[in-house]
Amino acid sequence: MLYYLYDGSFNGLMSAISESLTRKTRPENIIPEYYTRDDLFGDYISISSDELKSAEMINTVTARMGDETLSNIFYCYLSDSPEAGKIIFEYILFGMNAGKKTNMHLTNDSVKPVLDIVRKVKCEQHRMLGLVRFRHVEDGLYYAAIDPDHNITGIIAPHFTRRMADQNWIIHDTRRNIAALYDKKRWEIVDIESSREPSDSDREMFYSDLWRNYFKTVSISERKNPKLQRQFLPKRYWKNLTELK
């Protein structure tokens, strides 16, 4: 079995796909280098990230299959699914022949998996916009910890640059040890080695207590429905919600 390895970046993935098309090979999967290599007898080949090859691949996808297809590829990449590389590769192969009609083949085995993943990523992206809880912490920053299933920090950050343009803030993905940092001018994604969360300011502790008390006061115990609550808001998100701590 042939496996291509890339550095985990989108450019790296597109470089690996470009290399595969050039070599006319069909790898079993295209995976980040840091993934566990389960196939002990597999042939693993590392492909270096090449901005030129990546740009050429992106331009080819856009020209032949359209902007929507490129967007779907990017969202599928953000899913962090172990099979994302293989799924994207098969999607592009199909699109080379289907052209601008690629996404009209909703039930095709090379298209449906991508559309299913994109739907899940966009659903979490939308949901997270209402679940990010900023806390006022030391140094006057506003800090929010998130633990999403997908790598969506970079696609929710623009929303908060508009909503909180006059504040310095951090959105910390504690699962992936990355964060979006905003300094009232621009935002960027950075790696964070420590998973330690900063301490709340006195002001934050005061208002957090007020919010929790308000949440408890307005709730009606007779109408509690934990099953329905978990249906609309999966329990895996609860740990970062101020009102449920």
# chains A, B, ... in the order shown; residues from 1 in each chain; ligands from 1
$ residues_around --residues "stretch 107-124 of chain A" --least-positions-apart "2" --cutoff "8 Å" --atoms "only C-alpha atoms" --output "PyMOL selection string"
chain A and resi 72-73+75-76+78-79+87-88+90-91+94+102-103+105+126-128+148-150+152
$ write_last_selection --atoms "N, CA, C and O atoms" --output "short mmCIF file (atom, residue, chain, number, x, y, z; two decimals), in the first residue's frame"
data_model
loop_
_atom_site.label_atom_id
_atom_site.label_comp_id
_atom_site.auth_asym_id
_atom_site.auth_seq_id
_atom_site.Cartn_x
_atom_site.Cartn_y
_atom_site.Cartn_z
N ASN A 72 -15.08 23.51 -1.09
CA ASN A 72 -15.40 22.20 -0.51
C ASN A 72 -14.12 21.45 -0.11
O ASN A 72 -14.07 20.80 0.93
N ILE A 73 -13.11 21.54 -0.96
CA ILE A 73 -11.82 20.89 -0.66
C ILE A 73 -11.23 21.46 0.63
O ILE A 73 -10.75 20.71 1.49
N TYR A 75 -12.77 23.04 3.15
CA TYR A 75 -13.57 22.67 4.33
C TYR A 75 -13.36 21.20 4.68
O TYR A 75 -13.34 20.84 5.86
N CYS A 76 -13.22 20.36 3.67
CA CYS A 76 -12.97 18.94 3.94
C CYS A 76 -11.61 18.78 4.62
O CYS A 76 -11.46 17.98 5.55
N LEU A 78 -10.22 20.94 6.57
CA LEU A 78 -10.37 21.43 7.95
C LEU A 78 -11.06 20.41 8.86
O LEU A 78 -11.02 20.56 10.09
N SER A 79 -11.66 19.40 8.28
CA SER A 79 -12.37 18.42 9.11
C SER A 79 -11.45 17.63 10.01
O SER A 79 -11.88 17.07 11.02
N ILE A 87 -10.13 11.22 0.40
CA ILE A 87 -11.44 11.67 -0.10
C ILE A 87 -11.28 12.86 -1.04
O ILE A 87 -11.92 12.92 -2.10
N ILE A 88 -10.42 13.79 -0.68
CA ILE A 88 -10.18 14.97 -1.52
C ILE A 88 -9.53 14.57 -2.84
O ILE A 88 -9.88 15.08 -3.91
N GLU A 90 -9.78 11.70 -4.46
CA GLU A 90 -10.77 11.06 -5.32
C GLU A 90 -11.75 12.09 -5.89
O GLU A 90 -12.20 11.98 -7.04
N TYR A 91 -12.09 13.07 -5.10
CA TYR A 91 -12.98 14.15 -5.51
C TYR A 91 -12.37 14.94 -6.67
O TYR A 91 -13.04 15.24 -7.65
N PHE A 94 -12.30 12.84 -9.92
CA PHE A 94 -13.62 12.84 -10.56
C PHE A 94 -13.89 14.20 -11.21
O PHE A 94 -14.40 14.27 -12.33
N THR A 102 -19.28 19.05 -11.33
CA THR A 102 -18.84 18.11 -10.31
C THR A 102 -19.83 17.98 -9.16
O THR A 102 -20.23 16.88 -8.78
N ASN A 103 -20.26 19.11 -8.61
CA ASN A 103 -21.08 19.08 -7.40
C ASN A 103 -22.56 18.83 -7.67
O ASN A 103 -23.35 18.79 -6.72
N HIS A 105 -23.34 15.99 -8.98
CA HIS A 105 -23.39 14.52 -8.83
C HIS A 105 -23.47 14.19 -7.33
O HIS A 105 -22.53 13.65 -6.74
N HIS A 126 -20.97 27.26 12.29
CA HIS A 126 -22.12 28.09 12.63
C HIS A 126 -22.48 27.97 14.11
O HIS A 126 -22.73 28.97 14.79
N ARG A 127 -22.46 26.75 14.61
CA ARG A 127 -22.80 26.52 16.02
C ARG A 127 -21.81 27.20 16.95
O ARG A 127 -22.18 27.81 17.95
N MET A 128 -20.53 27.15 16.60
CA MET A 128 -19.51 27.69 17.48
C MET A 128 -19.61 29.21 17.61
O MET A 128 -19.19 29.77 18.63
N PRO A 148 -13.32 22.22 19.46
CA PRO A 148 -14.16 21.73 18.36
C PRO A 148 -13.69 20.41 17.78
O PRO A 148 -12.52 20.04 17.90
N ASP A 149 -14.61 19.71 17.15
CA ASP A 149 -14.27 18.46 16.47
C ASP A 149 -13.39 18.74 15.25
O ASP A 149 -12.54 17.93 14.89
N HIS A 150 -13.62 19.88 14.62
CA HIS A 150 -12.92 20.22 13.38
C HIS A 150 -12.04 21.45 13.59
O HIS A 150 -12.22 22.21 14.54
N ILE A 152 -11.64 24.63 13.05
CA ILE A 152 -12.43 25.76 12.55
C ILE A 152 -12.00 27.12 13.11
O ILE A 152 -12.62 28.13 12.79
#
$ residues_around --residues "stretch 16-22 of chain A" --least-positions-apart "3" --cutoff "8 Å" --atoms "only C-alpha atoms" --output "ChimeraX atom specification"
/A:4-6,12-13,25-27,30,47-49,53-54,57,89
$ write_last_selection --atoms "N, CA, C and O atoms" --output "PDB file, in the first residue's frame"
ATOM      1  N   TYR A   4       1.091   8.733   0.915  1.00  0.00           N
ATOM      2  CA  TYR A   4       1.840   9.985   0.805  1.00  0.00           C
ATOM      3  C   TYR A   4       1.724  10.734   2.125  1.00  0.00           C
ATOM      4  O   TYR A   4       0.639  10.820   2.720  1.00  0.00           O
ATOM      5  N   LEU A   5       2.839  11.300   2.577  1.00  0.00           N
ATOM      6  CA  LEU A   5       2.872  12.082   3.810  1.00  0.00           C
ATOM      7  C   LEU A   5       3.110  13.557   3.455  1.00  0.00           C
ATOM      8  O   LEU A   5       3.906  13.859   2.571  1.00  0.00           O
ATOM      9  N   TYR A   6       2.403  14.452   4.149  1.00  0.00           N
ATOM     10  CA  TYR A   6       2.637  15.883   3.949  1.00  0.00           C
ATOM     11  C   TYR A   6       2.712  16.566   5.303  1.00  0.00           C
ATOM     12  O   TYR A   6       2.447  15.954   6.345  1.00  0.00           O
ATOM     13  N   GLY A  12       0.624  21.878   1.757  1.00  0.00           N
ATOM     14  CA  GLY A  12       1.268  20.571   1.748  1.00  0.00           C
ATOM     15  C   GLY A  12       0.383  19.504   1.134  1.00  0.00           C
ATOM     16  O   GLY A  12       0.834  18.656   0.354  1.00  0.00           O
ATOM     17  N   LEU A  13      -0.902  19.544   1.479  1.00  0.00           N
ATOM     18  CA  LEU A  13      -1.850  18.575   0.926  1.00  0.00           C
ATOM     19  C   LEU A  13      -1.976  18.747  -0.584  1.00  0.00           C
ATOM     20  O   LEU A  13      -1.931  17.766  -1.342  1.00  0.00           O
ATOM     21  N   THR A  25       0.029   8.077  -9.792  1.00  0.00           N
ATOM     22  CA  THR A  25      -0.144   7.062  -8.759  1.00  0.00           C
ATOM     23  C   THR A  25      -1.465   7.297  -8.050  1.00  0.00           C
ATOM     24  O   THR A  25      -2.010   8.408  -8.078  1.00  0.00           O
ATOM     25  N   ARG A  26      -1.961   6.256  -7.402  1.00  0.00           N
ATOM     26  CA  ARG A  26      -3.225   6.359  -6.659  1.00  0.00           C
ATOM     27  C   ARG A  26      -2.975   5.854  -5.238  1.00  0.00           C
ATOM     28  O   ARG A  26      -3.168   4.670  -4.942  1.00  0.00           O
ATOM     29  N   PRO A  27      -2.522   6.745  -4.349  1.00  0.00           N
ATOM     30  CA  PRO A  27      -2.177   6.301  -2.994  1.00  0.00           C
ATOM     31  C   PRO A  27      -3.380   5.805  -2.203  1.00  0.00           C
ATOM     32  O   PRO A  27      -4.517   6.208  -2.459  1.00  0.00           O
ATOM     33  N   ILE A  30      -3.552   9.986   1.797  1.00  0.00           N
ATOM     34  CA  ILE A  30      -2.608  11.098   1.887  1.00  0.00           C
ATOM     35  C   ILE A  30      -2.780  11.686   3.277  1.00  0.00           C
ATOM     36  O   ILE A  30      -3.839  12.250   3.581  1.00  0.00           O
ATOM     37  N   ILE A  47       6.179  13.994   0.929  1.00  0.00           N
ATOM     38  CA  ILE A  47       6.129  14.988  -0.143  1.00  0.00           C
ATOM     39  C   ILE A  47       6.307  16.369   0.483  1.00  0.00           C
ATOM     40  O   ILE A  47       5.538  16.769   1.360  1.00  0.00           O
ATOM     41  N   SER A  48       7.306  17.083   0.052  1.00  0.00           N
ATOM     42  CA  SER A  48       7.576  18.416   0.595  1.00  0.00           C
ATOM     43  C   SER A  48       6.529  19.414   0.116  1.00  0.00           C
ATOM     44  O   SER A  48       6.035  19.333  -1.020  1.00  0.00           O
ATOM     45  N   SER A  49       6.201  20.345   0.991  1.00  0.00           N
ATOM     46  CA  SER A  49       5.268  21.401   0.620  1.00  0.00           C
ATOM     47  C   SER A  49       5.937  22.332  -0.394  1.00  0.00           C
ATOM     48  O   SER A  49       7.050  22.802  -0.186  1.00  0.00           O
ATOM     49  N   LYS A  53       3.702  24.374  -6.719  1.00  0.00           N
ATOM     50  CA  LYS A  53       2.854  23.232  -7.082  1.00  0.00           C
ATOM     51  C   LYS A  53       1.452  23.380  -6.495  1.00  0.00           C
ATOM     52  O   LYS A  53       0.452  23.068  -7.147  1.00  0.00           O
ATOM     53  N   SER A  54       1.404  23.854  -5.252  1.00  0.00           N
ATOM     54  CA  SER A  54       0.113  24.046  -4.598  1.00  0.00           C
ATOM     55  C   SER A  54      -0.720  25.080  -5.349  1.00  0.00           C
ATOM     56  O   SER A  54      -1.920  24.866  -5.603  1.00  0.00           O
ATOM     57  N   MET A  57      -2.054  23.661  -8.525  1.00  0.00           N
ATOM     58  CA  MET A  57      -3.148  22.730  -8.276  1.00  0.00           C
ATOM     59  C   MET A  57      -4.437  23.482  -7.956  1.00  0.00           C
ATOM     60  O   MET A  57      -5.518  23.145  -8.455  1.00  0.00           O
ATOM     61  N   PHE A  89      -8.584  13.655  -2.761  1.00  0.00           N
ATOM     62  CA  PHE A  89      -7.894  13.192  -3.969  1.00  0.00           C
ATOM     63  C   PHE A  89      -8.887  12.570  -4.954  1.00  0.00           C
ATOM     64  O   PHE A  89      -8.884  12.889  -6.159  1.00  0.00           O
TER      65      PHE A  89
END
$ closest_residue --among "A:Glu243, A:Asp80, A:Asp183, A:Glu68" --to "A:Val218" --atoms "only C-alpha atoms"
A:Glu243
$ residues_around --residues "A:Glu204" --least-positions-apart "2" --cutoff "12 Å" --atoms "only C-alpha atoms" --output "MDAnalysis selection string"
chainID A and resid 133:138 140:143 198:202 206:211 242
$ select_by_dssp --residues "stretch 16-235 of chain A" --states "strand (DSSP E or B)" --output "short mmCIF file (atom, residue, chain, number, x, y, z; two decimals) with N, CA, C and O atoms, in the first residue's frame"
data_model
loop_
_atom_site.label_atom_id
_atom_site.label_comp_id
_atom_site.auth_asym_id
_atom_site.auth_seq_id
_atom_site.Cartn_x
_atom_site.Cartn_y
_atom_site.Cartn_z
N ASN A 29 -3.83 6.50 0.85
CA ASN A 29 -4.26 7.68 1.59
C ASN A 29 -3.16 8.74 1.51
O ASN A 29 -2.00 8.44 1.20
N ILE A 30 -3.55 9.99 1.80
CA ILE A 30 -2.61 11.10 1.89
C ILE A 30 -2.78 11.69 3.28
O ILE A 30 -3.84 12.25 3.58
N ILE A 31 -1.78 11.53 4.13
CA ILE A 31 -1.95 11.86 5.54
C ILE A 31 -0.86 12.79 6.05
O ILE A 31 0.25 12.79 5.54
N PRO A 32 -1.18 13.58 7.09
CA PRO A 32 -0.14 14.41 7.72
C PRO A 32 0.95 13.53 8.33
O PRO A 32 0.70 12.41 8.77
N ASP A 43 4.05 1.51 2.19
CA ASP A 43 5.17 2.28 1.63
C ASP A 43 4.83 3.76 1.81
O ASP A 43 3.94 4.29 1.14
N TYR A 44 5.55 4.42 2.73
CA TYR A 44 5.27 5.82 3.05
C TYR A 44 6.27 6.74 2.35
O TYR A 44 7.48 6.57 2.51
N ILE A 45 5.76 7.70 1.60
CA ILE A 45 6.61 8.64 0.86
C ILE A 45 6.29 10.06 1.32
O ILE A 45 5.13 10.51 1.26
N SER A 46 7.29 10.79 1.79
CA SER A 46 7.11 12.17 2.23
C SER A 46 7.17 13.12 1.02
O SER A 46 8.10 13.04 0.22
N ARG A 135 -13.71 35.43 28.25
CA ARG A 135 -13.52 35.80 29.65
C ARG A 135 -12.47 36.91 29.73
O ARG A 135 -11.48 36.87 29.01
N HIS A 136 -12.71 37.87 30.61
CA HIS A 136 -11.73 38.92 30.83
C HIS A 136 -10.64 38.36 31.76
O HIS A 136 -10.92 37.95 32.88
N VAL A 137 -9.41 38.32 31.27
CA VAL A 137 -8.34 37.66 32.01
C VAL A 137 -7.21 38.65 32.28
O VAL A 137 -7.29 39.84 31.97
N TYR A 142 -9.23 39.39 26.37
CA TYR A 142 -10.42 38.55 26.41
C TYR A 142 -10.03 37.20 25.83
O TYR A 142 -9.49 37.11 24.72
N TYR A 143 -10.29 36.15 26.60
CA TYR A 143 -9.81 34.81 26.26
C TYR A 143 -10.99 33.85 26.16
O TYR A 143 -11.90 33.87 27.00
N ALA A 144 -10.97 33.01 25.14
CA ALA A 144 -12.01 31.98 24.98
C ALA A 144 -11.36 30.66 24.63
O ALA A 144 -10.53 30.58 23.72
N ALA A 145 -11.70 29.62 25.38
CA ALA A 145 -11.22 28.27 25.09
C ALA A 145 -12.30 27.52 24.32
O ALA A 145 -13.49 27.60 24.67
N ILE A 146 -11.91 26.82 23.28
CA ILE A 146 -12.83 25.99 22.52
C ILE A 146 -12.20 24.61 22.30
O ILE A 146 -10.98 24.46 22.39
N ASN A 168 -8.61 43.37 22.43
CA ASN A 168 -7.59 42.35 22.19
C ASN A 168 -8.13 41.01 22.67
O ASN A 168 -8.58 40.91 23.82
N TRP A 169 -8.11 40.00 21.82
CA TRP A 169 -8.67 38.72 22.24
C TRP A 169 -7.89 37.52 21.70
O TRP A 169 -7.11 37.64 20.76
N ILE A 170 -8.16 36.38 22.34
CA ILE A 170 -7.55 35.10 21.96
C ILE A 170 -8.65 34.05 21.92
O ILE A 170 -9.44 33.94 22.86
N ILE A 171 -8.70 33.29 20.84
CA ILE A 171 -9.55 32.10 20.78
C ILE A 171 -8.61 30.90 20.73
O ILE A 171 -7.87 30.73 19.76
N HIS A 172 -8.64 30.10 21.78
CA HIS A 172 -7.66 29.03 21.97
C HIS A 172 -8.31 27.67 21.72
O HIS A 172 -9.21 27.26 22.47
N ASP A 173 -7.86 26.98 20.70
CA ASP A 173 -8.30 25.61 20.43
C ASP A 173 -7.41 24.69 21.27
O ASP A 173 -6.27 24.40 20.91
N ILE A 178 -3.56 25.45 19.15
CA ILE A 178 -3.41 26.61 18.30
C ILE A 178 -4.36 27.69 18.79
O ILE A 178 -5.28 27.42 19.57
N ALA A 179 -4.13 28.93 18.35
CA ALA A 179 -5.00 30.02 18.77
C ALA A 179 -5.07 31.09 17.71
O ALA A 179 -4.12 31.31 16.95
N ALA A 180 -6.20 31.78 17.67
CA ALA A 180 -6.34 32.99 16.87
C ALA A 180 -6.08 34.17 17.79
O ALA A 180 -6.75 34.31 18.82
N LEU A 181 -5.10 35.00 17.46
CA LEU A 181 -4.77 36.18 18.25
C LEU A 181 -5.17 37.43 17.48
O LEU A 181 -4.85 37.55 16.29
N TYR A 182 -5.84 38.36 18.18
CA TYR A 182 -6.27 39.61 17.55
C TYR A 182 -5.78 40.79 18.37
O TYR A 182 -5.96 40.80 19.60
N ASP A 183 -5.18 41.80 17.72
CA ASP A 183 -4.59 42.93 18.44
C ASP A 183 -5.22 44.27 18.05
O ASP A 183 -4.56 45.31 18.06
N TRP A 187 -5.69 39.62 12.78
CA TRP A 187 -5.64 38.36 13.52
C TRP A 187 -4.71 37.40 12.79
O TRP A 187 -4.49 37.49 11.59
N GLU A 188 -4.18 36.45 13.55
CA GLU A 188 -3.32 35.41 12.98
C GLU A 188 -3.45 34.13 13.81
O GLU A 188 -3.80 34.18 14.99
N ILE A 189 -3.16 33.02 13.17
CA ILE A 189 -3.17 31.73 13.85
C ILE A 189 -1.75 31.40 14.30
O ILE A 189 -0.81 31.48 13.51
N VAL A 190 -1.61 31.06 15.57
CA VAL A 190 -0.29 30.73 16.12
C VAL A 190 -0.38 29.42 16.88
O VAL A 190 -1.46 28.99 17.30
N ASP A 191 0.75 28.77 17.04
CA ASP A 191 0.84 27.57 17.86
C ASP A 191 1.01 27.96 19.33
O ASP A 191 1.72 28.92 19.64
N ASP A 200 -8.74 34.31 35.51
CA ASP A 200 -9.76 35.34 35.33
C ASP A 200 -9.42 36.58 36.15
O ASP A 200 -8.84 36.49 37.24
#
$ select_by_dssp --residues "chain A" --states "alpha helix (DSSP H)" --output "ChimeraX atom specification"
/A:10-23,51-65,67-78,84-98,112-129,153-163,202-218,226-232
$ closest_residue --among "A:Arg186, A:Arg236, A:Ala55, A:His159" --to "A:Phe10" --atoms "only C-alpha atoms"
A:Ala55
$ closest_residue --among "A:Arg64, A:Arg203, A:Lys235, A:Lys86" --to "A:Lys101" --atoms "only C-alpha atoms"
A:Arg64
$ closest_residue --among "A:Met96, A:Trp238, A:Leu129, A:Pro82" --to "A:Thr36" --atoms "only C-alpha atoms"
A:Pro82
$ decode --residues "stretch 19-36 of chain A" --atoms "N, CA and C atoms" --output "mmCIF file, in the first residue's frame"
data_model
loop_
_atom_site.group_PDB
_atom_site.id
_atom_site.type_symbol
_atom_site.label_atom_id
_atom_site.label_comp_id
_atom_site.auth_asym_id
_atom_site.auth_seq_id
_atom_site.Cartn_x
_atom_site.Cartn_y
_atom_site.Cartn_z
ATOM 1 N N GLU A 19 1.656 16.041 -6.816
ATOM 2 C CA GLU A 19 2.712 15.053 -7.051
ATOM 3 C C GLU A 19 2.123 13.710 -7.466
ATOM 4 N N SER A 20 1.028 13.337 -6.815
ATOM 5 C CA SER A 20 0.386 12.067 -7.138
ATOM 6 C C SER A 20 -0.146 12.058 -8.571
ATOM 7 N N LEU A 21 -0.740 13.176 -8.991
ATOM 8 C CA LEU A 21 -1.250 13.267 -10.355
ATOM 9 C C LEU A 21 -0.110 13.257 -11.364
ATOM 10 N N THR A 22 0.988 13.902 -11.019
ATOM 11 C CA THR A 22 2.153 13.941 -11.908
ATOM 12 C C THR A 22 2.754 12.547 -12.087
ATOM 13 N N ARG A 23 2.845 11.813 -10.958
ATOM 14 C CA ARG A 23 3.427 10.467 -11.000
ATOM 15 C C ARG A 23 2.433 9.426 -11.497
ATOM 16 N N LYS A 24 1.164 9.847 -11.644
ATOM 17 C CA LYS A 24 0.082 8.940 -12.054
ATOM 18 C C LYS A 24 -0.029 7.753 -11.096
ATOM 19 N N THR A 25 0.029 8.077 -9.792
ATOM 20 C CA THR A 25 -0.144 7.062 -8.759
ATOM 21 C C THR A 25 -1.465 7.297 -8.050
ATOM 22 N N ARG A 26 -1.961 6.256 -7.402
ATOM 23 C CA ARG A 26 -3.225 6.359 -6.659
ATOM 24 C C ARG A 26 -2.975 5.854 -5.238
ATOM 25 N N PRO A 27 -2.522 6.745 -4.349
ATOM 26 C CA PRO A 27 -2.177 6.301 -2.994
ATOM 27 C C PRO A 27 -3.380 5.805 -2.203
ATOM 28 N N GLU A 28 -3.115 4.935 -1.257
ATOM 29 C CA GLU A 28 -4.156 4.442 -0.366
ATOM 30 C C GLU A 28 -4.706 5.586 0.481
ATOM 31 N N ASN A 29 -3.833 6.497 0.847
ATOM 32 C CA ASN A 29 -4.262 7.684 1.592
ATOM 33 C C ASN A 29 -3.156 8.739 1.514
ATOM 34 N N ILE A 30 -3.552 9.986 1.797
ATOM 35 C CA ILE A 30 -2.608 11.098 1.887
ATOM 36 C C ILE A 30 -2.780 11.686 3.277
ATOM 37 N N ILE A 31 -1.781 11.533 4.127
ATOM 38 C CA ILE A 31 -1.955 11.857 5.538
ATOM 39 C C ILE A 31 -0.860 12.794 6.053
ATOM 40 N N PRO A 32 -1.182 13.580 7.085
ATOM 41 C CA PRO A 32 -0.136 14.406 7.716
ATOM 42 C C PRO A 32 0.947 13.529 8.325
ATOM 43 N N GLU A 33 2.150 14.045 8.375
ATOM 44 C CA GLU A 33 3.294 13.277 8.877
ATOM 45 C C GLU A 33 3.134 12.868 10.326
ATOM 46 N N TYR A 34 2.367 13.639 11.096
ATOM 47 C CA TYR A 34 2.232 13.343 12.528
ATOM 48 C C TYR A 34 1.144 12.317 12.825
ATOM 49 N N TYR A 35 0.432 11.839 11.816
ATOM 50 C CA TYR A 35 -0.580 10.805 12.042
ATOM 51 C C TYR A 35 0.095 9.470 12.346
ATOM 52 N N THR A 36 -0.595 8.638 13.110
ATOM 53 C CA THR A 36 -0.110 7.295 13.387
ATOM 54 C C THR A 36 -0.120 6.460 12.100
#
